[in-house]
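Asks: mmCIF, C-alpha atoms and all ligand atoms, saved as entry-v5.cif, coming up:
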data_query
#
loop_
_atom_site.label_atom_id
_atom_site.label_comp_id
_atom_site.auth_asym_id
_atom_site.auth_seq_id
_atom_site.Cartn_x
_atom_site.Cartn_y
_atom_site.Cartn_z
CA MET A 1 -22.81 6.08 19.12
CA VAL A 2 -24.48 3.07 20.70
CA GLU A 3 -23.97 1.18 17.47
CA ARG A 4 -20.30 2.12 17.46
CA ASP A 5 -19.87 0.80 21.01
CA GLN A 6 -21.57 -2.43 20.03
CA THR A 7 -19.23 -2.85 17.07
CA LYS A 8 -16.26 -2.23 19.33
CA LYS A 9 -17.49 -4.89 21.74
CA ASP A 10 -18.02 -7.34 18.90
CA ILE A 11 -14.53 -6.82 17.53
CA LYS A 12 -13.00 -7.16 20.96
CA GLU A 13 -14.86 -10.42 21.41
CA LEU A 14 -13.85 -11.69 17.96
CA ALA A 15 -10.20 -10.73 18.47
CA ARG A 16 -9.86 -11.88 22.06
CA ASN A 17 -7.37 -14.62 21.19
CA ASP A 18 -5.48 -12.48 18.71
CA LYS A 19 -2.37 -10.43 19.02
CA TYR A 20 -1.25 -7.82 16.55
CA SER A 21 2.45 -7.24 15.90
CA ILE A 22 2.96 -3.82 14.36
CA LEU A 23 6.23 -3.54 12.45
CA LEU A 24 7.86 -0.13 12.30
CA PRO A 25 10.99 -0.05 10.16
CA THR A 26 12.83 3.20 10.85
CA TYR A 27 15.70 5.06 9.34
CA ASN A 28 16.25 8.59 10.65
CA GLU A 29 12.75 8.97 12.07
CA ILE A 30 13.63 10.56 15.42
CA GLU A 31 10.86 13.17 15.14
CA ASN A 32 8.23 10.82 13.79
CA LEU A 33 8.78 7.75 15.96
CA PRO A 34 7.44 9.13 19.28
CA ILE A 35 4.34 10.51 17.57
CA ILE A 36 3.55 7.37 15.63
CA VAL A 37 4.02 5.22 18.74
CA TRP A 38 1.79 7.54 20.74
CA LEU A 39 -0.91 7.32 18.07
CA ILE A 40 -0.69 3.53 17.81
CA VAL A 41 -0.99 3.19 21.58
CA LYS A 42 -3.94 5.58 21.58
CA TYR A 43 -5.96 3.75 18.95
CA MET A 44 -5.07 0.20 19.96
CA ASP A 45 -5.82 0.90 23.63
CA GLU A 46 -9.11 2.53 22.69
CA SER A 47 -10.07 -0.59 20.78
CA GLU A 48 -8.79 -2.75 23.64
CA LEU A 49 -6.79 -5.00 21.35
CA ASP A 50 -3.67 -6.96 22.26
CA TYR A 51 -0.60 -5.70 20.40
CA GLU A 52 3.13 -5.09 20.33
CA ILE A 53 5.14 -2.52 18.39
CA ILE A 54 8.35 -3.86 16.88
CA VAL A 55 10.83 -1.14 15.98
CA ILE A 56 13.43 -2.21 13.44
CA ASP A 57 16.00 0.55 13.31
CA ASP A 58 18.89 0.27 10.89
CA GLY A 59 21.52 2.17 12.84
CA SER A 60 20.05 5.61 12.14
CA PRO A 61 22.71 8.27 12.71
CA ASP A 62 20.12 10.68 14.15
CA GLY A 63 19.57 8.63 17.32
CA THR A 64 16.22 7.06 16.50
CA LEU A 65 17.19 4.04 18.57
CA ASP A 66 17.74 6.13 21.71
CA MET A 67 14.32 7.63 21.21
CA ALA A 68 12.90 4.13 20.88
CA LYS A 69 14.56 3.19 24.19
CA GLN A 70 12.97 6.19 25.89
CA LEU A 71 9.61 5.09 24.57
CA GLN A 72 10.24 1.57 25.76
CA ASN A 73 10.86 2.87 29.27
CA VAL A 74 7.52 4.66 29.24
CA TYR A 75 5.32 2.07 27.56
CA GLY A 76 7.03 -1.11 28.72
CA GLU A 77 9.11 -3.83 27.15
CA ASN A 78 6.17 -5.98 26.18
CA LYS A 79 4.58 -3.13 24.19
CA ILE A 80 7.67 -1.69 22.54
CA VAL A 81 10.05 -4.32 21.24
CA LEU A 82 13.41 -3.21 19.85
CA ARG A 83 15.02 -5.27 17.11
CA PRO A 84 17.72 -2.98 15.75
CA ARG A 85 20.26 -3.90 13.11
CA GLU A 86 23.80 -2.62 12.73
CA LYS A 87 23.49 -0.84 9.43
CA LYS A 88 21.05 0.13 6.70
CA LEU A 89 20.12 -3.15 5.05
CA GLY A 90 16.94 -2.09 3.28
CA LEU A 91 13.22 -2.23 3.87
CA GLY A 92 12.48 -5.72 2.56
CA THR A 93 14.87 -7.48 4.90
CA ALA A 94 13.74 -5.20 7.75
CA TYR A 95 10.25 -6.72 7.44
CA MET A 96 11.62 -10.25 7.45
CA HIS A 97 13.75 -9.44 10.47
CA GLY A 98 10.68 -8.09 12.26
CA ILE A 99 8.48 -11.07 11.40
CA LYS A 100 11.04 -13.43 12.90
CA HIS A 101 10.65 -11.74 16.26
CA ALA A 102 6.90 -11.15 16.13
CA THR A 103 4.83 -12.94 18.76
CA GLY A 104 1.41 -12.00 17.38
CA ASN A 105 -0.67 -14.08 14.99
CA PHE A 106 -1.38 -10.99 12.89
CA ILE A 107 1.13 -8.53 11.49
CA VAL A 108 0.58 -4.90 10.58
CA ILE A 109 3.12 -3.29 8.29
CA MET A 110 3.27 0.48 8.10
CA ASP A 111 5.68 3.36 7.54
CA ALA A 112 6.90 5.24 10.57
CA ASP A 113 6.87 8.62 8.83
CA LEU A 114 3.25 9.54 9.79
CA SER A 115 1.97 9.15 6.26
CA HIS A 116 0.10 6.07 7.47
CA HIS A 117 -2.29 7.00 10.25
CA PRO A 118 -2.77 4.39 13.01
CA LYS A 119 -6.49 5.17 13.20
CA PHE A 120 -6.95 2.85 10.22
CA ILE A 121 -5.54 -0.19 12.03
CA PRO A 122 -8.74 -0.93 14.00
CA LYS A 123 -10.69 -0.56 10.75
CA MET A 124 -8.48 -3.12 9.05
CA ILE A 125 -8.85 -5.44 12.02
CA GLU A 126 -12.62 -5.02 11.94
CA GLN A 127 -12.83 -5.98 8.29
CA GLN A 128 -10.41 -8.86 8.73
CA ARG A 129 -12.39 -10.29 11.64
CA TYR A 130 -15.78 -10.03 9.97
CA LEU A 131 -14.70 -11.61 6.70
CA ASP A 132 -11.77 -13.73 7.93
CA LEU A 133 -9.50 -12.26 5.25
CA ASP A 134 -5.87 -13.22 4.75
CA ILE A 135 -4.80 -9.68 3.91
CA VAL A 136 -6.36 -6.25 4.38
CA SER A 137 -4.68 -3.56 2.34
CA GLY A 138 -4.96 0.18 2.83
CA THR A 139 -5.83 1.99 -0.39
CA ARG A 140 -5.42 5.62 -1.43
CA TYR A 141 -7.24 5.13 -4.68
CA ALA A 142 -10.65 3.91 -3.54
CA GLN A 143 -13.62 6.05 -2.57
CA GLY A 144 -12.95 7.64 0.81
CA GLY A 145 -9.19 7.42 0.46
CA GLY A 146 -6.84 10.12 -0.75
CA VAL A 147 -3.59 11.97 -0.38
CA TYR A 148 -2.39 15.25 1.03
CA GLY A 149 0.58 17.38 0.06
CA TRP A 150 0.97 16.02 -3.46
CA ASP A 151 1.33 18.36 -6.41
CA PHE A 152 -0.23 17.78 -9.81
CA LYS A 153 2.82 16.04 -11.23
CA ARG A 154 3.03 13.51 -8.41
CA LYS A 155 -0.69 12.80 -8.60
CA LEU A 156 -0.46 12.31 -12.34
CA ILE A 157 2.48 9.91 -12.08
CA SER A 158 0.75 8.02 -9.29
CA ARG A 159 -2.52 7.71 -11.19
CA GLY A 160 -0.74 6.81 -14.41
CA ALA A 161 1.35 4.12 -12.73
CA ASN A 162 -1.73 2.77 -11.01
CA PHE A 163 -3.69 2.64 -14.28
CA LEU A 164 -0.88 0.80 -16.02
CA THR A 165 -0.54 -1.66 -13.17
CA GLN A 166 -4.26 -2.41 -13.11
CA LEU A 167 -4.29 -2.85 -16.89
CA LEU A 168 -1.29 -5.15 -17.08
CA LEU A 169 -1.62 -7.19 -13.91
CA ARG A 170 -5.35 -7.09 -13.03
CA PRO A 171 -4.39 -7.76 -9.41
CA GLY A 172 -7.80 -7.41 -7.78
CA ALA A 173 -6.61 -4.73 -5.37
CA SER A 174 -6.56 -1.02 -6.05
CA ASP A 175 -3.35 0.07 -4.30
CA LEU A 176 -0.33 -2.07 -5.09
CA THR A 177 2.50 0.24 -4.14
CA GLY A 178 1.14 1.18 -0.72
CA SER A 179 2.69 -0.53 2.26
CA PHE A 180 0.01 -0.11 4.93
CA ARG A 181 -1.40 -3.61 5.34
CA LEU A 182 -2.59 -6.22 7.79
CA TYR A 183 -1.57 -9.84 7.24
CA LYS A 184 -2.13 -13.17 8.91
CA LYS A 185 1.32 -14.07 10.14
CA ASP A 186 1.71 -17.35 8.25
CA VAL A 187 0.44 -15.70 5.07
CA LEU A 188 3.03 -12.94 5.32
CA GLU A 189 5.77 -15.47 6.02
CA LYS A 190 4.87 -17.46 2.94
CA LEU A 191 4.68 -14.30 0.82
CA THR A 192 8.03 -12.86 1.90
CA GLN A 193 9.63 -16.20 1.13
CA SER A 194 8.24 -16.31 -2.38
CA CYS A 195 8.85 -12.67 -3.32
CA VAL A 196 12.09 -11.81 -5.06
CA SER A 197 11.71 -8.08 -5.75
CA LYS A 198 13.05 -5.21 -3.69
CA GLY A 199 11.75 -1.78 -2.75
CA TYR A 200 8.48 -0.55 -4.23
CA VAL A 201 8.09 -3.57 -6.42
CA PHE A 202 8.19 -5.79 -3.34
CA GLN A 203 4.81 -4.41 -2.17
CA MET A 204 3.40 -4.99 -5.63
CA GLU A 205 4.70 -8.53 -5.87
CA MET A 206 3.23 -9.41 -2.47
CA ILE A 207 -0.30 -8.74 -3.73
CA VAL A 208 0.28 -10.46 -7.07
CA ARG A 209 1.64 -13.58 -5.36
CA ALA A 210 -1.18 -13.44 -2.84
CA ARG A 211 -3.60 -13.74 -5.75
CA GLN A 212 -1.65 -16.69 -7.13
CA PHE A 213 -1.90 -18.45 -3.78
CA LYS A 214 -5.64 -17.66 -3.74
CA TYR A 215 -5.43 -15.60 -0.57
CA THR A 216 -8.37 -13.32 0.16
CA ILE A 217 -7.69 -9.60 0.11
CA GLY A 218 -9.81 -6.82 1.62
CA GLU A 219 -9.38 -3.08 1.32
CA VAL A 220 -9.74 -0.11 3.64
CA PRO A 221 -9.59 3.42 2.18
CA ILE A 222 -6.80 5.42 3.82
CA THR A 223 -5.76 9.05 3.76
CA PHE A 224 -2.08 9.45 3.02
CA VAL A 225 -0.56 12.62 4.44
CA ASP A 226 2.91 13.23 3.08
CA ARG A 227 5.69 13.12 5.63
CA VAL A 228 6.00 16.25 7.75
CA TYR A 229 9.43 15.55 9.23
CA GLY A 230 12.53 14.03 7.77
CA GLU A 231 13.53 13.27 4.24
CA SER A 232 12.35 10.88 1.63
CA LYS A 233 14.81 8.07 1.14
CA LEU A 234 13.74 7.06 -2.31
CA GLY A 235 15.88 8.36 -5.13
CA GLY A 236 15.17 9.46 -8.68
CA SER A 237 15.55 5.98 -10.18
CA GLU A 238 12.21 5.15 -8.53
CA ILE A 239 10.15 5.25 -11.72
CA PHE A 240 12.63 3.19 -13.68
CA GLN A 241 12.67 0.53 -10.96
CA PHE A 242 8.90 0.53 -10.90
CA VAL A 243 8.54 0.00 -14.64
CA LYS A 244 11.16 -2.74 -14.59
CA GLY A 245 9.37 -4.52 -11.76
CA LEU A 246 6.01 -4.13 -13.42
CA LEU A 247 7.26 -5.65 -16.66
CA TYR A 248 8.92 -8.47 -14.74
CA LEU A 249 5.65 -9.35 -13.03
CA PHE A 250 3.76 -8.91 -16.30
CA ALA A 251 6.00 -11.44 -18.04
CA THR A 252 6.31 -13.97 -15.23
CA THR A 253 2.98 -14.16 -13.44
CA MET Y 1 -0.57 -18.59 -18.40
CA THR Y 2 1.24 -15.34 -17.69
CA LYS Y 3 -0.33 -11.96 -18.29
CA LEU Y 4 2.09 -11.40 -21.15
CA MET Y 5 0.88 -14.61 -22.84
CA GLU Y 6 -2.72 -13.50 -22.46
CA TRP Y 7 -1.95 -10.23 -24.21
CA LEU Y 8 0.00 -11.92 -26.99
CA LEU Y 9 -2.77 -14.41 -27.55
CA PHE Y 10 -5.28 -11.60 -27.83
CA ALA Y 11 -3.04 -9.65 -30.22
CA VAL Y 12 -2.50 -12.68 -32.45
CA LEU Y 13 -6.24 -13.33 -32.53
CA PHE Y 14 -7.00 -9.73 -33.40
CA PHE Y 15 -4.45 -9.54 -36.19
CA SER Y 16 -5.43 -12.88 -37.70
CA ILE Y 17 -9.00 -11.72 -38.02
CA TRP Y 18 -7.88 -8.39 -39.39
CA ILE Y 19 -5.58 -9.94 -42.00
CA ALA Y 20 -8.30 -12.37 -43.01
CA LEU Y 21 -10.61 -9.42 -43.57
CA ILE Y 22 -8.27 -7.23 -45.60
CA SER Y 23 -6.95 -10.06 -47.73
CA GLU Y 24 -10.52 -10.55 -48.95
CA ASN Y 25 -10.69 -14.16 -47.92
CA VAL Y 26 -13.93 -13.34 -46.29
CA ASN Y 27 -16.44 -12.25 -48.86
CA LEU Y 28 -18.93 -10.22 -46.99
CA HIS Y 29 -20.80 -7.34 -48.51
CA PHE Y 30 -20.45 -5.43 -45.30
CA ILE Y 31 -16.64 -5.66 -45.33
CA LYS Y 32 -16.42 -4.30 -48.85
CA GLU Y 33 -18.42 -1.24 -47.98
CA TRP Y 34 -16.22 -0.55 -44.98
CA LYS Y 35 -12.95 -1.47 -46.67
CA GLN Y 36 -11.18 1.79 -45.86
CA PHE Y 37 -12.22 1.63 -42.26
CA VAL Y 38 -11.18 -2.00 -41.82
CA LEU Y 39 -7.81 -1.22 -43.36
CA PHE Y 40 -7.08 1.36 -40.72
CA LEU Y 41 -8.63 -0.57 -37.86
CA PRO Y 42 -5.42 -1.25 -35.83
CA PRO Y 43 -4.29 2.38 -35.57
CA VAL Y 44 -7.88 3.46 -34.94
CA VAL Y 45 -8.26 0.96 -32.11
CA LEU Y 46 -4.91 2.03 -30.70
CA PHE Y 47 -5.89 5.69 -30.85
CA VAL Y 48 -9.24 5.13 -29.17
CA CYS Y 49 -7.66 3.07 -26.40
CA GLY Y 50 -4.99 5.70 -25.89
CA LEU Y 51 -7.60 8.41 -25.71
CA TYR Y 52 -9.59 6.38 -23.20
CA ALA Y 53 -6.49 5.80 -21.04
CA ALA Y 54 -5.49 9.46 -21.12
CA THR Y 55 -9.00 10.59 -20.22
CA VAL Y 56 -9.31 8.17 -17.33
CA VAL Y 57 -5.89 9.00 -15.91
CA LEU Y 58 -6.45 12.75 -16.20
CA TYR Y 59 -9.93 12.52 -14.73
CA ARG Y 60 -8.64 10.52 -11.78
CA THR Y 61 -5.74 12.93 -11.31
CA PHE Y 62 -8.08 15.92 -11.10
CA THR Y 63 -10.50 14.12 -8.81
CA PHE Y 64 -7.77 12.65 -6.60
CA ASN Y 65 -9.13 13.36 -3.13
CA ASN Y 66 -7.18 16.02 -1.24
CA CYS Y 67 -7.46 15.10 2.42
CA GLU Y 68 -7.25 18.56 3.90
CA GLN Y 69 -9.12 17.41 6.99
CA ALA Y 70 -6.79 14.49 7.64
CA ALA Y 71 -3.76 16.79 7.52
CA ILE Y 72 -5.34 19.21 10.01
CA GLU Y 73 -6.29 16.38 12.34
CA LEU Y 74 -2.76 14.99 12.18
CA GLN Y 75 -1.24 18.37 13.00
CA GLU Y 76 -3.45 18.69 16.06
CA GLN Y 77 -2.63 15.18 17.17
CA ILE Y 78 1.09 15.82 16.76
CA GLU Y 79 0.85 18.75 19.17
CA GLU Y 80 -1.24 16.73 21.59
CA ALA Y 81 1.19 13.82 21.43
CA LYS Y 82 4.21 16.03 22.04
CA LYS Y 83 2.65 17.54 25.14
CA ASP Y 84 1.60 14.20 26.53
CA LEU Y 85 4.95 12.56 25.79
CA GLN Y 86 6.80 15.38 27.53
CA THR Y 87 4.70 15.00 30.66
CA LYS Y 88 5.65 11.30 30.56
CA GLY Y 89 9.29 12.38 30.70
CA ILE Y 90 10.37 11.85 27.12
CA VAL Y 91 12.95 14.27 25.79
CA LEU Y 92 11.92 15.12 22.25
CA LYS Y 93 14.33 16.38 19.69
CA CYS Y 94 13.96 20.17 19.59
CA LYS Y 95 13.58 21.88 16.30
N1 LIG F 1 14.90 -0.37 8.99
C1 LIG F 1 14.87 0.34 7.85
N2 LIG F 1 13.84 1.19 7.63
C2 LIG F 1 13.82 1.91 6.48
C3 LIG F 1 14.84 1.79 5.50
N3 LIG F 1 14.54 2.63 4.47
C4 LIG F 1 13.38 3.23 4.80
N4 LIG F 1 12.95 2.82 6.01
C5 LIG F 1 11.68 3.19 6.71
O1 LIG F 1 10.63 2.72 5.92
C6 LIG F 1 9.54 3.61 5.92
C7 LIG F 1 9.21 4.07 4.52
O2 LIG F 1 10.29 4.79 3.99
P1 LIG F 1 10.12 6.22 3.28
O3 LIG F 1 11.45 6.84 3.15
O4 LIG F 1 9.07 7.00 3.97
O5 LIG F 1 9.64 5.77 1.85
P2 LIG F 1 8.38 6.33 1.09
O6 LIG F 1 7.21 6.37 2.00
O7 LIG F 1 8.23 5.50 -0.13
O8 LIG F 1 8.84 7.77 0.63
P3 LIG F 1 8.55 9.19 1.33
O9 LIG F 1 7.37 9.08 2.21
O10 LIG F 1 8.37 10.13 0.19
O11 LIG F 1 9.76 9.51 2.13
C8 LIG F 1 9.92 4.71 6.87
O12 LIG F 1 9.40 4.42 8.13
C9 LIG F 1 11.44 4.66 6.87
O13 LIG F 1 11.99 5.15 8.07
C10 LIG F 1 15.94 0.88 5.78
O14 LIG F 1 16.86 0.71 4.99
N5 LIG F 1 15.88 0.18 6.94
MG MG F 2 6.84 7.62 3.44
#
Rewrite the structure from the file as structure tokens, please.
Ligand SMILES: Nc1nc2c(ncn2[C@@H]2O[C@H](COP(=O)(O)OP(=O)(O)OP(=O)(O)O)[C@@H](O)[C@H]2O)c(=O)[nH]1
Ligand SMILES: [Mg+2]
Replies:
Amino acid sequence: MVERDQTKKDIKELARNDKYSILLPTYNEIENLPIIVWLIVKYMDESELDYEIIVIDDGSPDGTLDMAKQLQNVYGENKIVLRPREKKLGLGTAYMHGIKHATGNFIVIMDADLSHHPKFIPKMIEQQRYLDLDIVSGTRYAQGGGVYGWDFKRKLISRGANFLTQLLLRPGASDLTGSFRLYKKDVLEKLTQSCVSKGYVFQMEMIVRARQFKYTIGEVPITFVDRVYGESKLGGSEIFQFVKGLLYLFATT
Amino acid sequence: MTKLMEWLLFAVLFFSIWIALISENVNLHFIKEWKQFVLFLPPVVLFVCGLYAATVVLYRTFTFNNCEQAAIELQEQIEEAKKDLQTKGIVLKCK
């Protein structure tokens, strides 16, 4: 316990000039958004770190934006920043849109559907600060990580895809399709500019390009609990897109 | 060099050695004794690699950590969050 407090003090000291911009792209996440914001506030306040939450809503028909406004009233305009867009323009451009408005020198990217738990953010920050890494990636595949709510078929596909990716690309990071990561802001800006893929493959390409640019990458094991509320937005062509993207990266990098 | 090039280079190297061996350009006693084996080397290597891949993937699938505890914790925190948010005056979507 004493040791834990000491670590917390050290991190606070190390990160005293840092600000973390947490990007939350949302599409129909009215049930998840208040919870995820509450959890982020809880863990970031506990760690006494400076942060802002940037909500990028793409005109969700379920009223996610109104919920975000309610949250803004409670937590303040400097903590909850709203950067909505008119219509659904996709995840990749949502990130870029968020980065443009971020005032922090570090950026955290995560899903708003509660499958990425905010308790891992301070852990990522801790590792980043101690080793001065350019990227810290959450990983489901390393020791201590894992998933919940996946059946055998999904686990098999996930493990198979991961094996193939590791074999073909040797990326030096164990989870390429996950999107729970901490970046230095300028690093993320450079990466989004040089990545051409969309969707799942975008996450994969970011790590591959990061290796090309000789950025340092750390990993924190995360537990991935499948979304409780709302629907998955990714269609059945997911696997096909993944294979196409993998082969593209295999042939070009 | 792209990853594809690396693989092609390796494949070319492997097959050149293999062809050199079966075409009896290399006159080693050892090769003669193992002629049958050398002849079938490519499919054998492929089979062994496939077996290795299948074993590893299956093993990792079965040992994929099920985070029961994380799911329970999240459920509890969701309830806690809802209560706290409501006392702060937020109108949650009822379900
Ligand atoms: N702004 C914006 N956010 C999006 C868009 N599509 C998805 N999102 C959000 O991006 C995050 C990840 O999307 P998900 O649908 O959860 O994708 P996934 O995690 O691969 O799949 P599931 O968890 O199985 O649903 C969530 O927070 C979504 O609300 C979009 O077009 N625009
Ligand atoms: Mg999700």
Asks: Write out as a list in words the residues lying within 6 Å of segment 22-28 of chain A, counting all atoms listed in the file and excluding same-chain residues fewer than 4 positions away.
Replies: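 Near segment 22-28 of chain A, the qualifying residues are Ile53, Ile54, Val55, Ile56, Asp57, Asp58, Ser60, Asp62, Ile107, Val108, Ile109 and Ala112 of chain A.
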Asks: What does the file look like for those residues with C-alpha atoms, as a PDB file, in the frame of the given file?
Replies:
ATOM      1  CA  ILE A  53       5.140  -2.520  18.390  1.00  0.00           C
ATOM      2  CA  ILE A  54       8.350  -3.860  16.880  1.00  0.00           C
ATOM      3  CA  VAL A  55      10.830  -1.140  15.980  1.00  0.00           C
ATOM      4  CA  ILE A  56      13.430  -2.210  13.440  1.00  0.00           C
ATOM      5  CA  ASP A  57      16.000   0.550  13.310  1.00  0.00           C
ATOM      6  CA  ASP A  58      18.890   0.270  10.890  1.00  0.00           C
ATOM      7  CA  SER A  60      20.050   5.610  12.140  1.00  0.00           C
ATOM      8  CA  ASP A  62      20.120  10.680  14.150  1.00  0.00           C
ATOM      9  CA  ILE A 107       1.130  -8.530  11.490  1.00  0.00           C
ATOM     10  CA  VAL A 108       0.580  -4.900  10.580  1.00  0.00           C
ATOM     11  CA  ILE A 109       3.120  -3.290   8.290  1.00  0.00           C
ATOM     12  CA  ALA A 112       6.900   5.240  10.570  1.00  0.00           C
TER      13      ALA A 112
END
Asks: Return the neighbours of chain A among the residues of chain Y, cut-off 9 Å, counting all atoms listed in the file, as a ChimeraX atom specification.
Replies: /Y:1-5,7,53-54,56-58,60-62,64-68,70-71,74,77-78,81-82,84-85,88-94
Asks: Would you compute the distance between atom CA of Tyr52 of chain Y and atom CA of Gln241 of chain A? Give it in Å to one decimal.
Replies: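 One can read the atom CA of Tyr52 of chain Y to atom CA of Gln241 of chain A distance as 26.1 Å.
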Asks: Report, in Å to a single decimal, how far apart atom O7 of ligand LIG 1 (chain F) and atom CA of Leu82 of chain A are.
Replies: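 One can read the atom CA of Leu82 of chain A to atom O7 of ligand LIG 1 (chain F) distance as 22.4 Å.
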Asks: Do you have the atom CA of Ala15 of chain A-atom CA of Lys185 of chain A distance handy?
Replies: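 If I compute the distance from atom CA of Ala15 of chain A to atom CA of Lys185 of chain A, I get 14.6 Å.
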Asks: Of the residues A:Ala68, A:Gly104, A:His116, A:Pro61, which is the one nearest to Lys87 of chain A, using only C-alpha atoms?
Replies: A:Pro61
Asks: Can you tell me, as a PyMOL selection string, what residues are no more than 7 Å from segment 206-208 of chain A when counting only C-alpha atoms, ignoring any on the same chain fewer than 3 positions away?
Replies: chain A and resi 171+176+191+195+202-203+211-212
Asks: Within 12 Å of segment 37-41 of chain Y, counting all atoms listed in the file, which residues qualify if same-chain residues fewer than 2 places away don't, as a list in words?
Replies: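 Result of the neighbour search: Phe14, Phe15, Ile17, Trp18, Ile19, Ala20, Leu21, Ile22, Ser23, Glu24, Phe30, Ile31, Lys32, Glu33, Trp34, Lys35, Pro43, Val44, Val45, Leu46, Phe47 and Val48 of chain Y.
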Asks: Residues within 12 Å of Thr103 of chain A, please, as a list of chain:residue names. Count all atoms listed in the file; anything in the same chain fewer than 2 positions from it doesn't count.
Replies: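 Within the cut-off, the hits are A:Asp18, A:Lys19, A:Tyr20, A:Ser21, A:Ile22, A:Leu23, A:Asp50, A:Tyr51, A:Glu52, A:Ile53, A:Ile54, A:Asn78, A:Lys79, A:Val81, A:Gly98, A:Ile99, A:Lys100, A:His101, A:Asn105, A:Phe106, A:Ile107, A:Lys185, A:Asp186.
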Asks: Between A:Lys12, A:Lys244, A:His97, A:Lys214, which residue has the minimum interatomic distance to ligand LIG 1 (chain F), considering all atoms listed in the file?
Replies: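 Nearest to ligand LIG 1 (chain F): A:His97.
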Asks: Hey, which of A:Glu3, A:Asp111, A:Glu205, A:Glu13 ends up closest to ligand LIG 1 (chain F)? Count all atoms listed in the file.
Replies: A:Asp111
